[in-house]
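Quick look at input-v3.txt (compact mmCIF, N, CA and C atoms):
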# COMPACT_ATOMS: atom_id res chain seq x y z
N MET T 1 5.70 7.01 22.36
CA MET T 1 4.86 5.87 22.03
C MET T 1 3.72 6.34 21.13
N ARG T 2 3.43 5.57 20.10
CA ARG T 2 2.37 5.95 19.18
C ARG T 2 1.00 5.60 19.75
N SER T 3 0.01 6.34 19.31
CA SER T 3 -1.35 6.10 19.79
C SER T 3 -2.21 5.38 18.76
N ARG T 4 -1.64 5.12 17.59
CA ARG T 4 -2.39 4.46 16.52
C ARG T 4 -1.45 3.60 15.70
N MET T 5 -2.05 2.68 14.94
CA MET T 5 -1.27 1.83 14.05
C MET T 5 -1.91 1.89 12.66
N PHE T 6 -1.10 1.70 11.66
CA PHE T 6 -1.52 1.84 10.27
C PHE T 6 -1.82 0.48 9.67
N LEU T 7 -2.97 0.39 9.01
CA LEU T 7 -3.34 -0.83 8.30
C LEU T 7 -3.32 -0.54 6.80
N LEU T 8 -2.55 -1.30 6.09
CA LEU T 8 -2.48 -1.21 4.62
C LEU T 8 -2.62 -2.61 4.07
N THR T 9 -3.56 -2.78 3.16
CA THR T 9 -3.71 -4.07 2.50
C THR T 9 -4.23 -3.84 1.09
N VAL T 10 -3.92 -4.76 0.22
CA VAL T 10 -4.42 -4.72 -1.15
C VAL T 10 -5.22 -5.98 -1.40
N LEU T 11 -6.47 -5.80 -1.81
CA LEU T 11 -7.34 -6.92 -2.14
C LEU T 11 -7.27 -7.17 -3.63
N GLY T 12 -7.26 -8.41 -4.01
CA GLY T 12 -7.31 -8.77 -5.43
C GLY T 12 -8.65 -9.39 -5.75
N LEU T 13 -9.45 -8.68 -6.56
CA LEU T 13 -10.75 -9.19 -6.97
C LEU T 13 -10.65 -9.81 -8.36
N ARG T 14 -11.49 -10.77 -8.63
CA ARG T 14 -11.48 -11.45 -9.92
C ARG T 14 -11.75 -10.48 -11.06
N TYR T 15 -11.14 -10.72 -12.21
CA TYR T 15 -11.37 -9.89 -13.39
C TYR T 15 -12.81 -9.97 -13.87
N GLU T 16 -13.53 -11.01 -13.50
CA GLU T 16 -14.95 -11.13 -13.88
C GLU T 16 -15.83 -10.18 -13.07
N THR T 17 -15.28 -9.50 -12.08
CA THR T 17 -16.04 -8.53 -11.29
C THR T 17 -16.55 -7.43 -12.21
N THR T 18 -17.85 -7.17 -12.18
CA THR T 18 -18.41 -6.12 -13.02
C THR T 18 -18.12 -4.75 -12.43
N ASP T 19 -18.31 -3.72 -13.24
CA ASP T 19 -18.11 -2.35 -12.76
C ASP T 19 -19.02 -2.05 -11.58
N ASP T 20 -20.28 -2.48 -11.67
CA ASP T 20 -21.23 -2.24 -10.57
C ASP T 20 -20.82 -2.99 -9.31
N GLN T 21 -20.35 -4.21 -9.45
CA GLN T 21 -19.88 -4.97 -8.28
C GLN T 21 -18.68 -4.27 -7.65
N LEU T 22 -17.76 -3.79 -8.47
CA LEU T 22 -16.58 -3.10 -7.95
C LEU T 22 -16.98 -1.83 -7.21
N ARG T 23 -17.89 -1.07 -7.78
CA ARG T 23 -18.38 0.14 -7.10
C ARG T 23 -19.05 -0.21 -5.78
N SER T 24 -19.81 -1.29 -5.77
CA SER T 24 -20.47 -1.73 -4.54
C SER T 24 -19.44 -2.11 -3.48
N VAL T 25 -18.41 -2.84 -3.87
CA VAL T 25 -17.35 -3.23 -2.93
C VAL T 25 -16.70 -1.98 -2.35
N LEU T 26 -16.32 -1.03 -3.21
CA LEU T 26 -15.65 0.19 -2.74
C LEU T 26 -16.53 0.96 -1.76
N SER T 27 -17.77 1.16 -2.13
CA SER T 27 -18.71 1.91 -1.28
C SER T 27 -18.97 1.19 0.05
N SER T 28 -19.20 -0.11 -0.02
CA SER T 28 -19.49 -0.88 1.20
C SER T 28 -18.27 -0.94 2.12
N LEU T 29 -17.09 -1.06 1.55
CA LEU T 29 -15.88 -1.06 2.38
C LEU T 29 -15.72 0.28 3.09
N ARG T 30 -15.94 1.37 2.37
CA ARG T 30 -15.84 2.71 3.00
C ARG T 30 -16.84 2.83 4.15
N ASP T 31 -18.08 2.39 3.90
CA ASP T 31 -19.11 2.46 4.95
C ASP T 31 -18.73 1.60 6.15
N MET T 32 -18.29 0.37 5.88
CA MET T 32 -17.92 -0.55 6.96
C MET T 32 -16.80 0.04 7.80
N LEU T 33 -15.78 0.60 7.15
CA LEU T 33 -14.64 1.15 7.88
C LEU T 33 -15.01 2.43 8.62
N THR T 34 -15.87 3.23 8.05
CA THR T 34 -16.34 4.45 8.73
C THR T 34 -17.08 4.08 10.01
N ASP T 35 -17.86 3.02 9.95
CA ASP T 35 -18.66 2.59 11.11
C ASP T 35 -17.87 1.77 12.13
N HIS T 36 -16.68 1.30 11.75
CA HIS T 36 -15.91 0.44 12.65
C HIS T 36 -15.42 1.26 13.85
N PRO T 37 -15.65 0.78 15.07
CA PRO T 37 -15.30 1.57 16.26
C PRO T 37 -13.79 1.80 16.46
N GLN T 38 -12.96 0.98 15.84
CA GLN T 38 -11.51 1.12 16.05
C GLN T 38 -10.79 1.81 14.89
N VAL T 39 -11.52 2.19 13.85
CA VAL T 39 -10.92 2.91 12.73
C VAL T 39 -11.05 4.40 12.99
N LEU T 40 -9.91 5.09 12.94
CA LEU T 40 -9.89 6.51 13.28
C LEU T 40 -10.28 7.43 12.12
N ASP T 41 -10.11 7.00 10.92
CA ASP T 41 -10.34 7.85 9.75
C ASP T 41 -11.82 8.16 9.56
N GLU T 42 -12.14 9.44 9.37
CA GLU T 42 -13.51 9.82 9.06
C GLU T 42 -13.85 9.44 7.63
N LYS T 43 -12.85 9.50 6.76
CA LYS T 43 -13.01 9.09 5.36
C LYS T 43 -11.93 8.04 5.05
N PRO T 44 -12.23 6.78 5.31
CA PRO T 44 -11.25 5.73 5.06
C PRO T 44 -10.80 5.74 3.60
N ARG T 45 -9.53 5.48 3.40
CA ARG T 45 -8.97 5.47 2.04
C ARG T 45 -9.12 4.08 1.43
N VAL T 46 -10.09 3.97 0.57
CA VAL T 46 -10.37 2.73 -0.15
C VAL T 46 -10.47 3.11 -1.62
N ARG T 47 -9.56 2.56 -2.43
CA ARG T 47 -9.49 2.94 -3.83
C ARG T 47 -9.22 1.73 -4.73
N PHE T 48 -9.83 1.78 -5.92
CA PHE T 48 -9.47 0.85 -6.97
C PHE T 48 -8.10 1.31 -7.45
N SER T 49 -7.08 0.49 -7.20
CA SER T 49 -5.70 0.96 -7.39
C SER T 49 -5.01 0.44 -8.64
N GLY T 50 -5.64 -0.46 -9.37
CA GLY T 50 -5.00 -0.88 -10.61
C GLY T 50 -5.34 -2.29 -11.03
N PHE T 51 -4.67 -2.68 -12.12
CA PHE T 51 -4.88 -3.97 -12.74
C PHE T 51 -3.66 -4.85 -12.48
N GLY T 52 -3.86 -5.91 -11.71
CA GLY T 52 -2.77 -6.83 -11.42
C GLY T 52 -2.65 -7.90 -12.49
N ASP T 53 -1.70 -8.78 -12.32
CA ASP T 53 -1.51 -9.86 -13.28
C ASP T 53 -2.75 -10.75 -13.39
N PHE T 54 -3.47 -10.91 -12.30
CA PHE T 54 -4.65 -11.77 -12.31
C PHE T 54 -5.79 -11.21 -11.46
N SER T 55 -5.72 -9.90 -11.14
CA SER T 55 -6.76 -9.34 -10.28
C SER T 55 -6.95 -7.85 -10.50
N LEU T 56 -8.15 -7.41 -10.12
CA LEU T 56 -8.44 -5.98 -10.00
C LEU T 56 -8.07 -5.62 -8.56
N ASN T 57 -7.17 -4.69 -8.38
CA ASN T 57 -6.64 -4.40 -7.06
C ASN T 57 -7.37 -3.25 -6.36
N VAL T 58 -7.71 -3.49 -5.12
CA VAL T 58 -8.36 -2.48 -4.26
C VAL T 58 -7.45 -2.28 -3.05
N GLU T 59 -7.07 -1.03 -2.84
CA GLU T 59 -6.17 -0.71 -1.72
C GLU T 59 -6.95 -0.10 -0.56
N ILE T 60 -6.66 -0.59 0.63
CA ILE T 60 -7.27 -0.07 1.86
C ILE T 60 -6.15 0.48 2.73
N ARG T 61 -6.33 1.74 3.18
CA ARG T 61 -5.36 2.40 4.08
C ARG T 61 -6.15 3.10 5.18
N VAL T 62 -5.97 2.64 6.43
CA VAL T 62 -6.66 3.27 7.56
C VAL T 62 -5.76 3.26 8.79
N ASP T 63 -6.06 4.17 9.70
CA ASP T 63 -5.39 4.21 11.00
C ASP T 63 -6.28 3.51 12.01
N ILE T 64 -5.65 2.67 12.82
CA ILE T 64 -6.35 1.87 13.83
C ILE T 64 -6.07 2.46 15.20
N ASP T 65 -7.11 2.56 16.00
CA ASP T 65 -7.03 3.18 17.32
C ASP T 65 -6.49 2.20 18.37
N THR T 66 -5.20 1.95 18.30
CA THR T 66 -4.53 1.14 19.32
C THR T 66 -3.02 1.36 19.21
N SER T 67 -2.34 1.12 20.30
CA SER T 67 -0.88 1.17 20.27
C SER T 67 -0.29 -0.19 20.66
N TYR T 68 -1.15 -1.19 20.81
CA TYR T 68 -0.73 -2.52 21.22
C TYR T 68 -0.84 -3.50 20.05
N ILE T 69 0.24 -4.19 19.77
CA ILE T 69 0.29 -5.05 18.60
C ILE T 69 -0.73 -6.18 18.66
N GLU T 70 -0.94 -6.78 19.80
CA GLU T 70 -1.92 -7.87 19.89
C GLU T 70 -3.34 -7.36 19.64
N GLU T 71 -3.65 -6.20 20.18
CA GLU T 71 -4.97 -5.62 19.92
C GLU T 71 -5.10 -5.26 18.44
N TYR T 72 -4.04 -4.73 17.86
CA TYR T 72 -4.04 -4.41 16.43
C TYR T 72 -4.35 -5.66 15.60
N ARG T 73 -3.73 -6.77 15.94
CA ARG T 73 -3.97 -8.01 15.20
C ARG T 73 -5.42 -8.47 15.32
N ASP T 74 -6.00 -8.31 16.49
CA ASP T 74 -7.41 -8.65 16.68
C ASP T 74 -8.31 -7.76 15.81
N ILE T 75 -8.03 -6.48 15.82
CA ILE T 75 -8.82 -5.52 15.03
C ILE T 75 -8.66 -5.80 13.55
N ARG T 76 -7.42 -6.04 13.13
CA ARG T 76 -7.16 -6.34 11.72
C ARG T 76 -7.93 -7.59 11.29
N GLU T 77 -7.92 -8.61 12.13
CA GLU T 77 -8.67 -9.83 11.81
C GLU T 77 -10.16 -9.54 11.67
N ASP T 78 -10.70 -8.76 12.56
CA ASP T 78 -12.11 -8.39 12.50
C ASP T 78 -12.40 -7.64 11.19
N ILE T 79 -11.54 -6.70 10.84
CA ILE T 79 -11.74 -5.95 9.60
C ILE T 79 -11.66 -6.89 8.40
N PHE T 80 -10.70 -7.79 8.37
CA PHE T 80 -10.56 -8.70 7.24
C PHE T 80 -11.77 -9.62 7.11
N LEU T 81 -12.33 -10.07 8.22
CA LEU T 81 -13.54 -10.89 8.15
C LEU T 81 -14.72 -10.09 7.60
N ARG T 82 -14.79 -8.83 7.98
CA ARG T 82 -15.84 -7.95 7.44
C ARG T 82 -15.62 -7.69 5.95
N VAL T 83 -14.38 -7.53 5.55
CA VAL T 83 -14.04 -7.34 4.14
C VAL T 83 -14.52 -8.53 3.33
N LYS T 84 -14.26 -9.70 3.83
CA LYS T 84 -14.67 -10.94 3.15
C LYS T 84 -16.18 -10.95 2.92
N LYS T 85 -16.93 -10.54 3.92
CA LYS T 85 -18.39 -10.49 3.80
C LYS T 85 -18.83 -9.45 2.77
N VAL T 86 -18.19 -8.29 2.77
CA VAL T 86 -18.52 -7.24 1.80
C VAL T 86 -18.32 -7.76 0.37
N VAL T 87 -17.21 -8.42 0.15
CA VAL T 87 -16.91 -8.94 -1.19
C VAL T 87 -17.94 -9.99 -1.58
N ARG T 88 -18.25 -10.89 -0.68
CA ARG T 88 -19.25 -11.95 -0.95
C ARG T 88 -20.62 -11.33 -1.22
N ASP T 89 -21.02 -10.35 -0.39
CA ASP T 89 -22.33 -9.71 -0.56
C ASP T 89 -22.45 -8.95 -1.87
N ALA T 90 -21.33 -8.50 -2.42
CA ALA T 90 -21.35 -7.79 -3.71
C ALA T 90 -21.48 -8.76 -4.89
N GLY T 91 -21.38 -10.06 -4.60
CA GLY T 91 -21.54 -11.06 -5.64
C GLY T 91 -20.27 -11.35 -6.42
N THR T 92 -19.14 -11.00 -5.86
CA THR T 92 -17.87 -11.31 -6.51
C THR T 92 -17.01 -12.12 -5.55
N SER T 93 -15.75 -12.29 -5.88
CA SER T 93 -14.86 -13.05 -5.00
C SER T 93 -13.42 -12.63 -5.24
N PHE T 94 -12.56 -13.17 -4.42
CA PHE T 94 -11.14 -12.85 -4.50
C PHE T 94 -10.49 -13.62 -5.65
N ALA T 95 -9.50 -12.99 -6.22
CA ALA T 95 -8.77 -13.60 -7.33
C ALA T 95 -7.69 -14.53 -6.79
N PHE T 96 -7.26 -15.40 -7.63
CA PHE T 96 -6.12 -16.26 -7.33
C PHE T 96 -5.35 -16.43 -8.63
N PRO T 97 -4.06 -16.72 -8.54
CA PRO T 97 -3.28 -16.87 -9.77
C PRO T 97 -3.91 -17.91 -10.68
N SER T 98 -4.05 -17.57 -11.94
CA SER T 98 -4.63 -18.50 -12.89
C SER T 98 -3.98 -18.31 -14.25
N ARG T 99 -4.20 -19.28 -15.09
CA ARG T 99 -3.64 -19.24 -16.44
C ARG T 99 -4.68 -19.78 -17.40
N THR T 100 -4.81 -19.16 -18.56
CA THR T 100 -5.71 -19.62 -19.60
C THR T 100 -4.87 -20.25 -20.69
N VAL T 101 -5.21 -21.46 -21.06
CA VAL T 101 -4.50 -22.16 -22.11
C VAL T 101 -5.45 -22.33 -23.30
N TYR T 102 -4.99 -21.92 -24.47
CA TYR T 102 -5.77 -22.05 -25.69
C TYR T 102 -5.21 -23.19 -26.52
N ASN T 103 -6.05 -24.13 -26.87
CA ASN T 103 -5.66 -25.24 -27.74
C ASN T 103 -6.25 -24.99 -29.12
N THR T 104 -5.40 -25.00 -30.13
CA THR T 104 -5.88 -24.80 -31.49
C THR T 104 -5.29 -25.86 -32.39
N ARG T 105 -5.88 -26.03 -33.52
CA ARG T 105 -5.36 -26.93 -34.54
C ARG T 105 -4.88 -26.07 -35.69
N ASP T 106 -3.62 -25.72 -35.63
CA ASP T 106 -3.00 -24.89 -36.64
C ASP T 106 -2.73 -25.72 -37.87
N LYS T 107 -3.02 -25.18 -39.05
CA LYS T 107 -2.78 -25.90 -40.29
C LYS T 107 -1.29 -26.00 -40.60
N GLY T 108 -0.50 -25.23 -39.90
CA GLY T 108 0.94 -25.26 -40.17
C GLY T 108 1.28 -24.38 -41.36
N ILE T 109 2.53 -24.39 -41.70
CA ILE T 109 3.02 -23.55 -42.78
C ILE T 109 2.66 -24.19 -44.13
N ASN T 110 2.27 -23.36 -45.10
CA ASN T 110 1.96 -23.92 -46.40
C ASN T 110 3.26 -24.23 -47.16
N ASP T 111 3.15 -25.04 -48.20
CA ASP T 111 4.34 -25.51 -48.92
C ASP T 111 5.18 -24.37 -49.47
N GLU T 112 4.54 -23.35 -50.01
CA GLU T 112 5.28 -22.22 -50.61
C GLU T 112 6.08 -21.47 -49.55
N CYS T 113 5.45 -21.18 -48.39
CA CYS T 113 6.14 -20.48 -47.30
C CYS T 113 7.28 -21.34 -46.75
N GLN T 114 7.06 -22.65 -46.67
CA GLN T 114 8.10 -23.54 -46.16
C GLN T 114 9.30 -23.53 -47.10
N GLN T 115 9.05 -23.55 -48.39
CA GLN T 115 10.14 -23.56 -49.37
C GLN T 115 10.94 -22.25 -49.28
N ILE T 116 10.25 -21.12 -49.16
CA ILE T 116 10.93 -19.83 -49.03
C ILE T 116 11.75 -19.78 -47.74
N ALA T 117 11.19 -20.29 -46.65
CA ALA T 117 11.90 -20.31 -45.38
C ALA T 117 13.15 -21.18 -45.47
N GLU T 118 13.04 -22.33 -46.13
CA GLU T 118 14.19 -23.20 -46.26
C GLU T 118 15.28 -22.58 -47.12
N GLU T 119 14.88 -21.89 -48.19
CA GLU T 119 15.86 -21.24 -49.06
C GLU T 119 16.59 -20.11 -48.33
N ASP T 120 15.86 -19.37 -47.47
CA ASP T 120 16.48 -18.27 -46.72
C ASP T 120 17.41 -18.80 -45.63
N THR T 121 17.17 -20.01 -45.16
CA THR T 121 17.98 -20.56 -44.08
C THR T 121 19.31 -21.08 -44.57
N PHE T 122 19.37 -21.64 -45.75
CA PHE T 122 20.61 -22.26 -46.21
C PHE T 122 21.36 -21.36 -47.09
Give the structure from this file in structure tokens form.
Amino acid sequence: MRSRMFLLTVLGLRYETTDDQLRSVLSSLRDMLTDHPQVLDEKPRVRFSGFGDFSLNVEIRVDIDTSYIEEYRDIREDIFLRVKKVVRDAGTSFAFPSRTVYNTRDKGINDECQQIAEEDTF
């Protein structure tokens, strides 16, 4: 029987997050996890792990001091609520899928280019 359980999660922060805000989130998460009574790691693994399709990704990997799934879920929930506060306190927020649409008024093809295109097509 195992004496610990592994927590792995990836947070997606908005691309508008500044470098200073990201550093604050990383540092505050490490401090929060170090101080958490159920986290076994002396140096919790919290890293800026990459650029997602719509988010700056932060990976959290820690060992939790329990062997019971229900207790693990309670601890995980507590950690996630604390994570939410850390992100809010840093002045940023979580990302969500988004799309940017650009509307332009293109002049279209000029007469000379259109004539060349038509000649090449036929």
Between atom CA of Glu71 of chain T and atom N of Thr9 of chain T, what is the distance in Å, rounded to a tenth? 17.1 Å
Out of T:Val87, T:Ile75, T:Val62, T:Leu56, which residue has the shortest atom-to-atom distance to Pro44 of chain T when counting all atoms listed in the file?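 Among T:Val87, T:Ile75, T:Val62, T:Leu56, it is T:Val62 that comes nearest to Pro44 of chain T.
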Using only N, CA and C atoms for the distances, tell me which of T:Asp89, T:Asp74, T:Glu59, T:Glu118 is nearest to Val10 of chain T.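 Residue with the minimum atom-to-atom distance to Val10 of chain T: T:Glu59.
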By how many Å are atom C of Ile69 of chain T and atom CA of Leu26 of chain T apart? 26.9 Å
Just want the 10 Å neighbourhood of His36 of chain T, counted on only C-alpha atoms, with same-chain residues fewer than 4 positions away dropped. Output as a VMD selection string. chain T and resid 30 to 32 40 to 41 64 75 78 to 79 82
List every residue of segment 45-100 of chain T that DSSP, applied to the backbone of this structure, assigns to helix (DSSP H, G or I), and report them as an mmCIF file with N, CA and C atoms, in the frame of the given file.
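In the end it all went to selection.cif:
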data_model
loop_
_atom_site.group_PDB
_atom_site.id
_atom_site.type_symbol
_atom_site.label_atom_id
_atom_site.label_comp_id
_atom_site.auth_asym_id
_atom_site.auth_seq_id
_atom_site.Cartn_x
_atom_site.Cartn_y
_atom_site.Cartn_z
ATOM 1 N N ILE T 69 0.240 -4.190 19.770
ATOM 2 C CA ILE T 69 0.290 -5.050 18.600
ATOM 3 C C ILE T 69 -0.730 -6.180 18.660
ATOM 4 N N GLU T 70 -0.940 -6.780 19.800
ATOM 5 C CA GLU T 70 -1.920 -7.870 19.890
ATOM 6 C C GLU T 70 -3.340 -7.360 19.640
ATOM 7 N N GLU T 71 -3.650 -6.200 20.180
ATOM 8 C CA GLU T 71 -4.970 -5.620 19.920
ATOM 9 C C GLU T 71 -5.100 -5.260 18.440
ATOM 10 N N TYR T 72 -4.040 -4.730 17.860
ATOM 11 C CA TYR T 72 -4.040 -4.410 16.430
ATOM 12 C C TYR T 72 -4.350 -5.660 15.600
ATOM 13 N N ARG T 73 -3.730 -6.770 15.940
ATOM 14 C CA ARG T 73 -3.970 -8.010 15.200
ATOM 15 C C ARG T 73 -5.420 -8.470 15.320
ATOM 16 N N ASP T 74 -6.000 -8.310 16.490
ATOM 17 C CA ASP T 74 -7.410 -8.650 16.680
ATOM 18 C C ASP T 74 -8.310 -7.760 15.810
ATOM 19 N N ILE T 75 -8.030 -6.480 15.820
ATOM 20 C CA ILE T 75 -8.820 -5.520 15.030
ATOM 21 C C ILE T 75 -8.660 -5.800 13.550
ATOM 22 N N ARG T 76 -7.420 -6.040 13.130
ATOM 23 C CA ARG T 76 -7.160 -6.340 11.720
ATOM 24 C C ARG T 76 -7.930 -7.590 11.290
ATOM 25 N N GLU T 77 -7.920 -8.610 12.130
ATOM 26 C CA GLU T 77 -8.670 -9.830 11.810
ATOM 27 C C GLU T 77 -10.160 -9.540 11.670
ATOM 28 N N ASP T 78 -10.700 -8.760 12.560
ATOM 29 C CA ASP T 78 -12.110 -8.390 12.500
ATOM 30 C C ASP T 78 -12.400 -7.640 11.190
ATOM 31 N N ILE T 79 -11.540 -6.700 10.840
ATOM 32 C CA ILE T 79 -11.740 -5.950 9.600
ATOM 33 C C ILE T 79 -11.660 -6.890 8.400
ATOM 34 N N PHE T 80 -10.700 -7.790 8.370
ATOM 35 C CA PHE T 80 -10.560 -8.700 7.240
ATOM 36 C C PHE T 80 -11.770 -9.620 7.110
ATOM 37 N N LEU T 81 -12.330 -10.070 8.220
ATOM 38 C CA LEU T 81 -13.540 -10.890 8.150
ATOM 39 C C LEU T 81 -14.720 -10.090 7.600
ATOM 40 N N ARG T 82 -14.790 -8.830 7.980
ATOM 41 C CA ARG T 82 -15.840 -7.950 7.440
ATOM 42 C C ARG T 82 -15.620 -7.690 5.950
ATOM 43 N N VAL T 83 -14.380 -7.530 5.550
ATOM 44 C CA VAL T 83 -14.040 -7.340 4.140
ATOM 45 C C VAL T 83 -14.520 -8.530 3.330
ATOM 46 N N LYS T 84 -14.260 -9.700 3.830
ATOM 47 C CA LYS T 84 -14.670 -10.940 3.150
ATOM 48 C C LYS T 84 -16.180 -10.950 2.920
ATOM 49 N N LYS T 85 -16.930 -10.540 3.920
ATOM 50 C CA LYS T 85 -18.390 -10.490 3.800
ATOM 51 C C LYS T 85 -18.830 -9.450 2.770
ATOM 52 N N VAL T 86 -18.190 -8.290 2.770
ATOM 53 C CA VAL T 86 -18.520 -7.240 1.800
ATOM 54 C C VAL T 86 -18.320 -7.760 0.370
ATOM 55 N N VAL T 87 -17.210 -8.420 0.150
ATOM 56 C CA VAL T 87 -16.910 -8.940 -1.190
ATOM 57 C C VAL T 87 -17.940 -9.990 -1.580
ATOM 58 N N ARG T 88 -18.250 -10.890 -0.680
ATOM 59 C CA ARG T 88 -19.250 -11.950 -0.950
ATOM 60 C C ARG T 88 -20.620 -11.330 -1.220
ATOM 61 N N ASP T 89 -21.020 -10.350 -0.390
ATOM 62 C CA ASP T 89 -22.330 -9.710 -0.560
ATOM 63 C C ASP T 89 -22.450 -8.950 -1.870
#
Closest to Ser3 of chain T among T:Ser67, T:Thr34, T:Ser27, T:Gly91, using only N, CA and C atoms?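 Using only N, CA and C atoms, the shortest distance to Ser3 of chain T belongs to T:Ser67.
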Around segment 60-76 of chain T, fit a box with edges along x, y and z, padding it by 5 Å on each side, then list its centre and edge lengths in Å to one decimal as lines of an AutoDock Vina configuration file.
center_x = -4.3
center_y = -2.2
center_z = 10.9
size_x = 19.1
size_y = 22.9
size_z = 30.6
Using all atoms listed in the file and a cutoff of 8 Å, can you tell me which residues are near (-9.1, 4.1, -5.9) in the file's coordinates, and write them out as a PDB file with N, CA and C atoms, in the coordinates of the input?
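Final output, selection07.pdb:
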ATOM      1  N   ARG T  45      -9.530   5.480   3.400  1.00  0.00           N
ATOM      2  CA  ARG T  45      -8.970   5.470   2.040  1.00  0.00           C
ATOM      3  C   ARG T  45      -9.120   4.080   1.430  1.00  0.00           C
ATOM      4  N   VAL T  46     -10.090   3.970   0.570  1.00  0.00           N
ATOM      5  CA  VAL T  46     -10.370   2.730  -0.150  1.00  0.00           C
ATOM      6  C   VAL T  46     -10.470   3.110  -1.620  1.00  0.00           C
ATOM      7  N   ARG T  47      -9.560   2.560  -2.430  1.00  0.00           N
ATOM      8  CA  ARG T  47      -9.490   2.940  -3.830  1.00  0.00           C
ATOM      9  C   ARG T  47      -9.220   1.730  -4.730  1.00  0.00           C
ATOM     10  N   PHE T  48      -9.830   1.780  -5.920  1.00  0.00           N
ATOM     11  CA  PHE T  48      -9.470   0.850  -6.970  1.00  0.00           C
ATOM     12  C   PHE T  48      -8.100   1.310  -7.450  1.00  0.00           C
ATOM     13  N   SER T  49      -7.080   0.490  -7.200  1.00  0.00           N
ATOM     14  CA  SER T  49      -5.700   0.960  -7.390  1.00  0.00           C
ATOM     15  C   SER T  49      -5.010   0.440  -8.640  1.00  0.00           C
ATOM     16  N   GLY T  50      -5.640  -0.460  -9.370  1.00  0.00           N
ATOM     17  CA  GLY T  50      -5.000  -0.880 -10.610  1.00  0.00           C
ATOM     18  C   GLY T  50      -5.340  -2.290 -11.030  1.00  0.00           C
ATOM     19  N   ASN T  57      -7.170  -4.690  -8.380  1.00  0.00           N
ATOM     20  CA  ASN T  57      -6.640  -4.400  -7.060  1.00  0.00           C
ATOM     21  C   ASN T  57      -7.370  -3.250  -6.360  1.00  0.00           C
ATOM     22  N   VAL T  58      -7.710  -3.490  -5.120  1.00  0.00           N
ATOM     23  CA  VAL T  58      -8.360  -2.480  -4.260  1.00  0.00           C
ATOM     24  C   VAL T  58      -7.450  -2.280  -3.050  1.00  0.00           C
ATOM     25  N   GLU T  59      -7.070  -1.030  -2.840  1.00  0.00           N
ATOM     26  CA  GLU T  59      -6.170  -0.710  -1.720  1.00  0.00           C
ATOM     27  C   GLU T  59      -6.950  -0.100  -0.560  1.00  0.00           C
TER      28      GLU T  59
END
The residue from T:Leu8, T:Leu81, T:Val39, T:Ala90 with the smallest atom-to-atom distance to Ser24 of chain T, counting only N, CA and C atoms, is T:Ala90
For atom N of Asp35 of chain T and atom C of Leu13 of chain T, determine how far apart the two atoms are, in Å to one decimal place.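 Rounded to one decimal, the two atoms are 23.5 Å apart.
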Counting only N, CA and C atoms, which residues sit no farther than 8 Å from the position (-13.9, -8.7, -8.0) in the file's frame? I'd like them as a PyMOL selection string. chain T and resi 12-18+21-22+55-57+87+91-95
Please, which residues of chain T, numbered as in this document, come out strand (DSSP E) from DSSP, as a PyMOL selection string? chain T and resi 5-13+45-51+56-64
Can you work out which one of T:Thr66, T:Ser28, T:Asn110, T:Thr100 has the shortest atom-to-atom distance to Met5 of chain T, counting only C-alpha atoms?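 Result for the nearest residue to Met5 of chain T: T:Thr66.
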Out of T:Arg23, T:Arg4, T:Lys85, T:Lys107, which residue has the shortest atom-to-atom distance to Gln38 of chain T when counting only C-alpha atoms?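 Distance minimum relative to Gln38 of chain T lands on T:Arg4.
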